[in-house]
Amino acid sequence: MRVLTIVPAYNETATIEFVVNDILNKVNDIKVCVVDDGSIDDTKIKALKLGAVVLSHPFNMGIGAAVQTGFLYALQNNFDVAVQIDGDGQHDPAFIPNMIDIIQQNKSDVVSGSRFLEKGGYKSSFPRRIGITFFELVNRLLTGQRITDSTSGFRAFNRNAIALLAYNYPEDYPEPEVLIILKRAGLKVMEIPVVMRARQGGQSSIRGFKSFHYMVKVILALLMQSIKRRK
Amino acid sequence: MKPIQIIALLASLALLFCILELIRRRKLKERFALLWLFSAVILIVFSLWGRFLDVLAKWLGIYYAPAVLIPIVIFIAVILFIYFSVIVSNQSELIKALAQKIALLEKELKEIKDKSGLEKH
């Protein structure tokens with residue numbers, strides 16, 4: 001099993017070393033590919049020093065394009081599994097071996113880490129919970145299965161999924177949209193519970209009226225994704 | 001010919017000339033120019049044959065002939081805008097594919113350089 005971790009990173013100098021080393025320490029026989037999405041800081045240099053494969057976009061194109069570049073690399077270099085993990089350190093690579101196992105045993109084409117699958121792991125405010133429940137409902141309608149954490153950026157993909165997504169990766173709200181693309185291609189998605197670390201600093205960018213606006217935009221994107229023709 | 005007809009004709013001819021000149025200087029691709037050439041020709045027809053609008057209005061059942069132009073112009077403008085959005089979307093898709101290819105090629109180039117020892121880091 002050749003496994004590639006795809007780490008999309010945009011100006012992540014502060015965390016990239018930690019993330020790459022964390023993966024290499026906790027998972028055996030794994031290749032780390034940092035997709036530098038046009039960073040203007042030292043992300044690229046740092047990742048190169050750590051011995052990661054670095055794919056560097058000439059300009060910033062968004063996380064969707066970055067993950068897709070990783071898939072293109074995985075496809076070209078014949079990897080069996082691709083694991084997507086955030087560059088900001090919120091995902092714990094300790095869960096990766098379990099994800100790989102599930103794919104190796106052919107139990108699912110895609111494994112997605114969910115914060116909400118087990119109770120008590122994640123605390124959030126009341127309006128946020130309403131939003132989360134609502135999304136769950138929308139996803140259930142569009143994918144026909146229960147997806148508790150559709151915005152998770154911590155996922156493992158098998159060869160079929162890699163081949164599909166290398167040429168069909170969404171740009172606007174890639175994580176939830178991918179689930180629809182997978183579903184429409186008949187690929188199986190399985191969620192496993194993961195614990196995510198609290199964000200190191202700052203606040204979620206999505207709050208107040210913005211969160212309502214965000215929800216409307218995501219739902220529109222999801223609806224459009226479910227009528228799009230495949231490339 | 002009324003003065004307005006002469007002005008309209010001259011303006012339409014100027015438009016046609018501009019488009020042809022842009023094509024000649026390779027600033028406008030024929031693919032996009034076709035639409036503009038077509039609209040210039042239509043404008044020339046309108047200015048030469050002033051009764052055309054009245055005939056059209058009568059046929060459509062519109063009392064005030066110039067009002068015919070409003071929906072036509074809006075319709076054409078909307079079609080053009082959608083057409084341009086499609087072109088922009090396509091271009092951004094192509095640019096993304098190019099940038100991704102560059103990222104992959106850069107990595108390959110680095111590998112080759114590292115192997116042949118041409119560049120020491």
# chains A, B, ... in the order shown; residues from 1 in each chain; ligands from 1

$ interface_residues --of "chain A" --to "chain B" --cutoff "10 Å" --atoms "only C-alpha atoms" --output "PyMOL selection string"
chain A and resi 35-37+49+53-61+65-66+68-70+72-73+76+167

$ write_last_selection --atoms "C-alpha atoms" --output "mmCIF file, in the first residue's frame"
data_model
loop_
_atom_site.group_PDB
_atom_site.id
_atom_site.type_symbol
_atom_site.label_atom_id
_atom_site.label_comp_id
_atom_site.auth_asym_id
_atom_site.auth_seq_id
_atom_site.Cartn_x
_atom_site.Cartn_y
_atom_site.Cartn_z
ATOM 1 C CA VAL A 35 0.574 21.585 -1.764
ATOM 2 C CA ASP A 36 1.706 25.145 -1.325
ATOM 3 C CA ASP A 37 -1.162 27.207 -2.700
ATOM 4 C CA LYS A 49 13.557 21.055 4.330
ATOM 5 C CA VAL A 53 7.096 16.415 -1.678
ATOM 6 C CA VAL A 54 6.226 20.017 -2.398
ATOM 7 C CA LEU A 55 3.877 21.030 -5.167
ATOM 8 C CA SER A 56 3.796 24.760 -5.473
ATOM 9 C CA HIS A 57 1.066 26.742 -7.186
ATOM 10 C CA PRO A 58 2.341 29.875 -8.942
ATOM 11 C CA PHE A 59 -0.538 31.813 -7.350
ATOM 12 C CA ASN A 60 -3.280 31.279 -4.796
ATOM 13 C CA MET A 61 -6.233 29.322 -6.152
ATOM 14 C CA ALA A 65 -7.497 23.505 -6.368
ATOM 15 C CA ALA A 66 -4.722 22.637 -3.888
ATOM 16 C CA GLN A 68 -6.930 18.549 -6.540
ATOM 17 C CA THR A 69 -3.253 19.101 -7.395
ATOM 18 C CA GLY A 70 -2.459 16.547 -4.693
ATOM 19 C CA LEU A 72 -3.243 14.675 -9.709
ATOM 20 C CA TYR A 73 0.126 13.848 -8.158
ATOM 21 C CA GLN A 76 0.384 10.219 -11.753
ATOM 22 C CA TYR A 167 -10.402 15.661 -12.680
#

$ select_by_dssp --residues "range 35-221 of chain A" --states "alpha helix (DSSP H)" --output "mmCIF file with N, CA and C atoms, in the first residue's frame"
data_model
loop_
_atom_site.group_PDB
_atom_site.id
_atom_site.type_symbol
_atom_site.label_atom_id
_atom_site.label_comp_id
_atom_site.auth_asym_id
_atom_site.auth_seq_id
_atom_site.Cartn_x
_atom_site.Cartn_y
_atom_site.Cartn_z
ATOM 1 N N THR A 43 6.374 28.785 3.794
ATOM 2 C CA THR A 43 5.755 27.457 3.793
ATOM 3 C C THR A 43 6.513 26.483 2.889
ATOM 4 N N LYS A 44 6.806 26.935 1.679
ATOM 5 C CA LYS A 44 7.432 26.060 0.691
ATOM 6 C C LYS A 44 8.828 25.616 1.136
ATOM 7 N N ILE A 45 9.641 26.571 1.568
ATOM 8 C CA ILE A 45 11.019 26.270 1.983
ATOM 9 C C ILE A 45 11.023 25.314 3.171
ATOM 10 N N LYS A 46 10.164 25.610 4.148
ATOM 11 C CA LYS A 46 10.098 24.763 5.332
ATOM 12 C C LYS A 46 9.695 23.341 4.978
ATOM 13 N N ALA A 47 8.690 23.213 4.130
ATOM 14 C CA ALA A 47 8.216 21.880 3.749
ATOM 15 C C ALA A 47 9.308 21.117 3.006
ATOM 16 N N LEU A 48 10.046 21.803 2.153
ATOM 17 C CA LEU A 48 11.131 21.154 1.411
ATOM 18 C C LEU A 48 12.208 20.641 2.367
ATOM 19 N N LYS A 49 12.520 21.446 3.361
ATOM 20 C CA LYS A 49 13.557 21.055 4.330
ATOM 21 C C LYS A 49 13.161 19.803 5.087
ATOM 22 N N ILE A 63 -8.386 26.249 -1.619
ATOM 23 C CA ILE A 63 -8.094 24.916 -1.088
ATOM 24 C C ILE A 63 -8.523 23.800 -2.036
ATOM 25 N N GLY A 64 -9.634 24.027 -2.747
ATOM 26 C CA GLY A 64 -10.121 23.000 -3.678
ATOM 27 C C GLY A 64 -9.068 22.669 -4.722
ATOM 28 N N ALA A 65 -8.512 23.705 -5.334
ATOM 29 C CA ALA A 65 -7.497 23.505 -6.368
ATOM 30 C C ALA A 65 -6.262 22.841 -5.773
ATOM 31 N N ALA A 66 -5.917 23.196 -4.525
ATOM 32 C CA ALA A 66 -4.722 22.637 -3.888
ATOM 33 C C ALA A 66 -4.883 21.134 -3.668
ATOM 34 N N VAL A 67 -6.023 20.744 -3.121
ATOM 35 C CA VAL A 67 -6.253 19.314 -2.883
ATOM 36 C C VAL A 67 -6.268 18.563 -4.216
ATOM 37 N N GLN A 68 -6.870 19.186 -5.224
ATOM 38 C CA GLN A 68 -6.930 18.549 -6.540
ATOM 39 C C GLN A 68 -5.527 18.314 -7.110
ATOM 40 N N THR A 69 -4.635 19.285 -6.934
ATOM 41 C CA THR A 69 -3.253 19.101 -7.395
ATOM 42 C C THR A 69 -2.637 17.882 -6.717
ATOM 43 N N GLY A 70 -2.927 17.721 -5.424
ATOM 44 C CA GLY A 70 -2.459 16.547 -4.693
ATOM 45 C C GLY A 70 -2.986 15.254 -5.309
ATOM 46 N N PHE A 71 -4.258 15.263 -5.682
ATOM 47 C CA PHE A 71 -4.850 14.075 -6.315
ATOM 48 C C PHE A 71 -4.191 13.794 -7.662
ATOM 49 N N LEU A 72 -3.907 14.858 -8.416
ATOM 50 C CA LEU A 72 -3.243 14.675 -9.709
ATOM 51 C C LEU A 72 -1.884 14.003 -9.508
ATOM 52 N N TYR A 73 -1.177 14.437 -8.454
ATOM 53 C CA TYR A 73 0.126 13.848 -8.158
ATOM 54 C C TYR A 73 -0.032 12.377 -7.749
ATOM 55 N N ALA A 74 -1.020 12.109 -6.919
ATOM 56 C CA ALA A 74 -1.266 10.739 -6.454
ATOM 57 C C ALA A 74 -1.593 9.827 -7.629
ATOM 58 N N LEU A 75 -2.381 10.349 -8.567
ATOM 59 C CA LEU A 75 -2.787 9.577 -9.737
ATOM 60 C C LEU A 75 -1.580 9.297 -10.627
ATOM 61 N N GLN A 76 -0.796 10.348 -10.889
ATOM 62 C CA GLN A 76 0.384 10.219 -11.753
ATOM 63 C C GLN A 76 1.395 9.247 -11.177
ATOM 64 N N ILE A 96 -4.936 8.294 11.086
ATOM 65 C CA ILE A 96 -4.686 7.888 9.695
ATOM 66 C C ILE A 96 -4.576 6.361 9.519
ATOM 67 N N PRO A 97 -3.812 5.656 10.381
ATOM 68 C CA PRO A 97 -3.696 4.196 10.179
ATOM 69 C C PRO A 97 -5.056 3.492 10.133
ATOM 70 N N ASN A 98 -5.951 3.927 10.993
ATOM 71 C CA ASN A 98 -7.293 3.353 11.005
ATOM 72 C C ASN A 98 -8.013 3.598 9.677
ATOM 73 N N MET A 99 -7.872 4.823 9.154
ATOM 74 C CA MET A 99 -8.493 5.155 7.869
ATOM 75 C C MET A 99 -7.935 4.267 6.757
ATOM 76 N N ILE A 100 -6.601 4.100 6.763
ATOM 77 C CA ILE A 100 -5.958 3.281 5.734
ATOM 78 C C ILE A 100 -6.454 1.833 5.822
ATOM 79 N N ASP A 101 -6.585 1.334 7.063
ATOM 80 C CA ASP A 101 -7.073 -0.040 7.260
ATOM 81 C C ASP A 101 -8.427 -0.252 6.600
ATOM 82 N N ILE A 102 -9.319 0.693 6.845
ATOM 83 C CA ILE A 102 -10.680 0.560 6.308
ATOM 84 C C ILE A 102 -10.638 0.485 4.783
ATOM 85 N N ILE A 103 -9.772 1.308 4.177
ATOM 86 C CA ILE A 103 -9.661 1.296 2.715
ATOM 87 C C ILE A 103 -9.012 0.001 2.237
ATOM 88 N N GLN A 104 -7.999 -0.432 2.967
ATOM 89 C CA GLN A 104 -7.290 -1.659 2.590
ATOM 90 C C GLN A 104 -8.226 -2.864 2.624
ATOM 91 N N PHE A 126 -25.390 27.006 20.544
ATOM 92 C CA PHE A 126 -26.716 26.573 20.089
ATOM 93 C C PHE A 126 -26.969 26.885 18.600
ATOM 94 N N PRO A 127 -26.755 28.139 18.152
ATOM 95 C CA PRO A 127 -27.005 28.417 16.729
ATOM 96 C C PRO A 127 -26.138 27.558 15.819
ATOM 97 N N ARG A 128 -24.941 27.277 16.268
ATOM 98 C CA ARG A 128 -24.045 26.456 15.467
ATOM 99 C C ARG A 128 -24.596 25.035 15.347
ATOM 100 N N ARG A 129 -25.173 24.568 16.450
ATOM 101 C CA ARG A 129 -25.736 23.209 16.431
ATOM 102 C C ARG A 129 -26.928 23.131 15.481
ATOM 103 N N ILE A 130 -27.723 24.212 15.453
ATOM 104 C CA ILE A 130 -28.863 24.232 14.526
ATOM 105 C C ILE A 130 -28.349 24.122 13.102
ATOM 106 N N GLY A 131 -27.319 24.911 12.818
ATOM 107 C CA GLY A 131 -26.714 24.883 11.486
ATOM 108 C C GLY A 131 -26.222 23.494 11.132
ATOM 109 N N ILE A 132 -25.555 22.863 12.089
ATOM 110 C CA ILE A 132 -24.992 21.529 11.860
ATOM 111 C C ILE A 132 -26.086 20.511 11.574
ATOM 112 N N THR A 133 -27.173 20.577 12.379
ATOM 113 C CA THR A 133 -28.286 19.649 12.182
ATOM 114 C C THR A 133 -28.935 19.870 10.822
ATOM 115 N N PHE A 134 -29.083 21.146 10.461
ATOM 116 C CA PHE A 134 -29.696 21.481 9.187
ATOM 117 C C PHE A 134 -28.870 20.913 8.036
ATOM 118 N N PHE A 135 -27.552 21.078 8.129
ATOM 119 C CA PHE A 135 -26.666 20.562 7.091
ATOM 120 C C PHE A 135 -26.768 19.056 6.975
ATOM 121 N N GLU A 136 -26.900 18.425 8.130
ATOM 122 C CA GLU A 136 -27.018 16.978 8.143
ATOM 123 C C GLU A 136 -28.231 16.556 7.322
ATOM 124 N N LEU A 137 -29.321 17.321 7.505
ATOM 125 C CA LEU A 137 -30.563 17.028 6.798
ATOM 126 C C LEU A 137 -30.379 17.212 5.292
ATOM 127 N N VAL A 138 -29.777 18.346 4.909
ATOM 128 C CA VAL A 138 -29.550 18.625 3.489
ATOM 129 C C VAL A 138 -28.701 17.524 2.867
ATOM 130 N N ASN A 139 -27.662 17.142 3.591
ATOM 131 C CA ASN A 139 -26.776 16.103 3.068
ATOM 132 C C ASN A 139 -27.472 14.768 2.944
ATOM 133 N N ARG A 140 -28.358 14.515 3.893
ATOM 134 C CA ARG A 140 -29.093 13.257 3.847
ATOM 135 C C ARG A 140 -29.975 13.236 2.589
ATOM 136 N N LEU A 141 -30.587 14.366 2.294
ATOM 137 C CA LEU A 141 -31.450 14.449 1.119
ATOM 138 C C LEU A 141 -30.636 14.291 -0.163
ATOM 139 N N LEU A 142 -29.460 14.918 -0.207
ATOM 140 C CA LEU A 142 -28.691 14.924 -1.446
ATOM 141 C C LEU A 142 -27.824 13.686 -1.652
ATOM 142 N N THR A 143 -27.374 13.076 -0.556
ATOM 143 C CA THR A 143 -26.496 11.914 -0.734
ATOM 144 C C THR A 143 -27.164 10.615 -0.318
ATOM 145 N N ARG A 159 -8.087 4.309 -4.757
ATOM 146 C CA ARG A 159 -7.720 4.596 -6.146
ATOM 147 C C ARG A 159 -8.887 5.109 -6.979
ATOM 148 N N ASN A 160 -10.047 4.466 -6.828
ATOM 149 C CA ASN A 160 -11.214 4.892 -7.622
ATOM 150 C C ASN A 160 -11.546 6.341 -7.334
ATOM 151 N N ALA A 161 -11.526 6.690 -6.057
ATOM 152 C CA ALA A 161 -11.869 8.056 -5.672
ATOM 153 C C ALA A 161 -10.806 9.038 -6.166
ATOM 154 N N ILE A 162 -9.539 8.627 -6.083
ATOM 155 C CA ILE A 162 -8.459 9.500 -6.556
ATOM 156 C C ILE A 162 -8.642 9.793 -8.045
ATOM 157 N N ALA A 163 -8.891 8.729 -8.822
ATOM 158 C CA ALA A 163 -9.035 8.896 -10.273
ATOM 159 C C ALA A 163 -10.207 9.814 -10.606
ATOM 160 N N LEU A 164 -11.286 9.673 -9.843
ATOM 161 C CA LEU A 164 -12.465 10.508 -10.092
ATOM 162 C C LEU A 164 -12.190 11.967 -9.735
ATOM 163 N N LEU A 165 -11.619 12.176 -8.558
ATOM 164 C CA LEU A 165 -11.495 13.540 -8.045
ATOM 165 C C LEU A 165 -10.334 14.324 -8.665
ATOM 166 N N PRO A 174 -15.467 22.875 -1.324
ATOM 167 C CA PRO A 174 -15.050 21.547 -1.794
ATOM 168 C C PRO A 174 -15.466 20.387 -0.895
ATOM 169 N N GLU A 175 -15.374 20.537 0.434
ATOM 170 C CA GLU A 175 -15.615 19.360 1.269
ATOM 171 C C GLU A 175 -17.036 18.805 1.146
ATOM 172 N N PRO A 176 -18.059 19.631 1.381
ATOM 173 C CA PRO A 176 -19.400 19.050 1.219
ATOM 174 C C PRO A 176 -19.734 18.690 -0.235
ATOM 175 N N GLU A 177 -19.197 19.442 -1.182
ATOM 176 C CA GLU A 177 -19.520 19.156 -2.583
ATOM 177 C C GLU A 177 -18.936 17.823 -3.045
ATOM 178 N N VAL A 178 -17.738 17.501 -2.526
ATOM 179 C CA VAL A 178 -17.099 16.237 -2.896
ATOM 180 C C VAL A 178 -18.007 15.050 -2.576
ATOM 181 N N LEU A 179 -18.702 15.130 -1.440
ATOM 182 C CA LEU A 179 -19.563 14.021 -1.032
ATOM 183 C C LEU A 179 -20.617 13.740 -2.097
ATOM 184 N N ILE A 180 -21.112 14.802 -2.714
ATOM 185 C CA ILE A 180 -22.139 14.625 -3.748
ATOM 186 C C ILE A 180 -21.525 14.021 -5.010
ATOM 187 N N ILE A 181 -20.333 14.503 -5.369
ATOM 188 C CA ILE A 181 -19.648 13.946 -6.541
ATOM 189 C C ILE A 181 -19.404 12.449 -6.341
ATOM 190 N N LEU A 182 -18.963 12.084 -5.139
ATOM 191 C CA LEU A 182 -18.685 10.675 -4.844
ATOM 192 C C LEU A 182 -19.957 9.840 -4.931
ATOM 193 N N LYS A 183 -21.001 10.380 -4.317
ATOM 194 C CA LYS A 183 -22.281 9.679 -4.296
ATOM 195 C C LYS A 183 -22.779 9.438 -5.732
ATOM 196 N N ARG A 184 -22.674 10.486 -6.561
ATOM 197 C CA ARG A 184 -23.184 10.366 -7.920
ATOM 198 C C ARG A 184 -22.363 9.391 -8.752
ATOM 199 N N GLY A 208 -22.534 34.947 12.882
ATOM 200 C CA GLY A 208 -23.666 35.850 12.754
ATOM 201 C C GLY A 208 -24.392 35.745 11.422
ATOM 202 N N PHE A 209 -24.698 36.897 10.833
ATOM 203 C CA PHE A 209 -25.415 36.910 9.563
ATOM 204 C C PHE A 209 -24.617 36.182 8.500
ATOM 205 N N LYS A 210 -23.295 36.300 8.629
ATOM 206 C CA LYS A 210 -22.426 35.646 7.666
ATOM 207 C C LYS A 210 -22.694 34.150 7.601
ATOM 208 N N SER A 211 -23.036 33.571 8.776
ATOM 209 C CA SER A 211 -23.243 32.129 8.771
ATOM 210 C C SER A 211 -24.520 31.759 8.014
ATOM 211 N N PHE A 212 -25.526 32.637 8.082
ATOM 212 C CA PHE A 212 -26.750 32.397 7.321
ATOM 213 C C PHE A 212 -26.453 32.491 5.829
ATOM 214 N N HIS A 213 -25.755 33.551 5.473
ATOM 215 C CA HIS A 213 -25.347 33.780 4.089
ATOM 216 C C HIS A 213 -24.541 32.585 3.568
ATOM 217 N N TYR A 214 -23.643 32.113 4.444
ATOM 218 C CA TYR A 214 -22.795 30.972 4.110
ATOM 219 C C TYR A 214 -23.637 29.730 3.816
ATOM 220 N N MET A 215 -24.645 29.507 4.687
ATOM 221 C CA MET A 215 -25.491 28.338 4.517
ATOM 222 C C MET A 215 -26.238 28.363 3.199
ATOM 223 N N VAL A 216 -26.773 29.549 2.862
ATOM 224 C CA VAL A 216 -27.507 29.675 1.604
ATOM 225 C C VAL A 216 -26.582 29.377 0.428
ATOM 226 N N LYS A 217 -25.380 29.938 0.495
ATOM 227 C CA LYS A 217 -24.444 29.730 -0.614
ATOM 228 C C LYS A 217 -24.036 28.269 -0.743
ATOM 229 N N VAL A 218 -23.798 27.629 0.394
ATOM 230 C CA VAL A 218 -23.391 26.225 0.348
ATOM 231 C C VAL A 218 -24.513 25.369 -0.223
ATOM 232 N N ILE A 219 -25.739 25.636 0.231
ATOM 233 C CA ILE A 219 -26.856 24.824 -0.251
ATOM 234 C C ILE A 219 -27.040 24.983 -1.752
ATOM 235 N N LEU A 220 -26.906 26.231 -2.229
ATOM 236 C CA LEU A 220 -26.987 26.453 -3.676
ATOM 237 C C LEU A 220 -25.896 25.681 -4.406
ATOM 238 N N ALA A 221 -24.674 25.757 -3.854
ATOM 239 C CA ALA A 221 -23.540 25.059 -4.478
ATOM 240 C C ALA A 221 -23.794 23.552 -4.506
#

$ decode --residues "range 22-38 of chain B" --atoms "N, CA and C atoms" --output "PDB file, in the first residue's frame"
ATOM      1  N   LEU B  22      -9.815  46.018 -35.538  1.00  0.00           N
ATOM      2  CA  LEU B  22      -9.363  45.235 -34.385  1.00  0.00           C
ATOM      3  C   LEU B  22      -8.972  43.815 -34.789  1.00  0.00           C
ATOM      4  N   ILE B  23      -9.729  43.257 -35.729  1.00  0.00           N
ATOM      5  CA  ILE B  23      -9.394  41.907 -36.203  1.00  0.00           C
ATOM      6  C   ILE B  23      -8.069  41.955 -36.950  1.00  0.00           C
ATOM      7  N   ARG B  24      -7.935  42.995 -37.797  1.00  0.00           N
ATOM      8  CA  ARG B  24      -6.731  43.127 -38.618  1.00  0.00           C
ATOM      9  C   ARG B  24      -5.490  43.251 -37.730  1.00  0.00           C
ATOM     10  N   ARG B  25      -5.650  43.996 -36.639  1.00  0.00           N
ATOM     11  CA  ARG B  25      -4.502  44.169 -35.728  1.00  0.00           C
ATOM     12  C   ARG B  25      -4.356  43.014 -34.745  1.00  0.00           C
ATOM     13  N   ARG B  26      -5.163  42.012 -34.913  1.00  0.00           N
ATOM     14  CA  ARG B  26      -5.135  40.805 -34.068  1.00  0.00           C
ATOM     15  C   ARG B  26      -5.445  41.110 -32.608  1.00  0.00           C
ATOM     16  N   LYS B  27      -6.248  42.141 -32.370  1.00  0.00           N
ATOM     17  CA  LYS B  27      -6.636  42.437 -30.993  1.00  0.00           C
ATOM     18  C   LYS B  27      -7.952  41.751 -30.660  1.00  0.00           C
ATOM     19  N   LEU B  28      -8.629  41.306 -31.682  1.00  0.00           N
ATOM     20  CA  LEU B  28      -9.926  40.656 -31.481  1.00  0.00           C
ATOM     21  C   LEU B  28      -9.928  39.373 -32.291  1.00  0.00           C
ATOM     22  N   LYS B  29     -10.243  38.272 -31.619  1.00  0.00           N
ATOM     23  CA  LYS B  29     -10.301  37.006 -32.349  1.00  0.00           C
ATOM     24  C   LYS B  29     -11.600  36.937 -33.143  1.00  0.00           C
ATOM     25  N   GLU B  30     -11.501  36.339 -34.334  1.00  0.00           N
ATOM     26  CA  GLU B  30     -12.687  36.249 -35.199  1.00  0.00           C
ATOM     27  C   GLU B  30     -13.848  35.594 -34.479  1.00  0.00           C
ATOM     28  N   ARG B  31     -13.484  34.633 -33.615  1.00  0.00           N
ATOM     29  CA  ARG B  31     -14.516  33.882 -32.896  1.00  0.00           C
ATOM     30  C   ARG B  31     -15.441  34.825 -32.126  1.00  0.00           C
ATOM     31  N   PHE B  32     -14.842  35.826 -31.486  1.00  0.00           N
ATOM     32  CA  PHE B  32     -15.649  36.783 -30.724  1.00  0.00           C
ATOM     33  C   PHE B  32     -16.187  37.879 -31.617  1.00  0.00           C
ATOM     34  N   ALA B  33     -15.460  38.152 -32.711  1.00  0.00           N
ATOM     35  CA  ALA B  33     -15.807  39.276 -33.575  1.00  0.00           C
ATOM     36  C   ALA B  33     -17.092  39.023 -34.354  1.00  0.00           C
ATOM     37  N   LEU B  34     -17.367  37.756 -34.591  1.00  0.00           N
ATOM     38  CA  LEU B  34     -18.520  37.400 -35.407  1.00  0.00           C
ATOM     39  C   LEU B  34     -19.798  38.069 -34.907  1.00  0.00           C
ATOM     40  N   LEU B  35     -19.977  37.990 -33.588  1.00  0.00           N
ATOM     41  CA  LEU B  35     -21.152  38.587 -32.963  1.00  0.00           C
ATOM     42  C   LEU B  35     -21.216  40.083 -33.212  1.00  0.00           C
ATOM     43  N   TRP B  36     -20.061  40.738 -33.041  1.00  0.00           N
ATOM     44  CA  TRP B  36     -20.010  42.193 -33.209  1.00  0.00           C
ATOM     45  C   TRP B  36     -20.206  42.576 -34.668  1.00  0.00           C
ATOM     46  N   LEU B  37     -19.638  41.798 -35.570  1.00  0.00           N
ATOM     47  CA  LEU B  37     -19.819  42.076 -36.999  1.00  0.00           C
ATOM     48  C   LEU B  37     -21.290  41.976 -37.348  1.00  0.00           C
ATOM     49  N   PHE B  38     -21.919  40.949 -36.810  1.00  0.00           N
ATOM     50  CA  PHE B  38     -23.334  40.726 -37.059  1.00  0.00           C
ATOM     51  C   PHE B  38     -24.159  41.919 -36.564  1.00  0.00           C
TER      52      PHE B  38
END
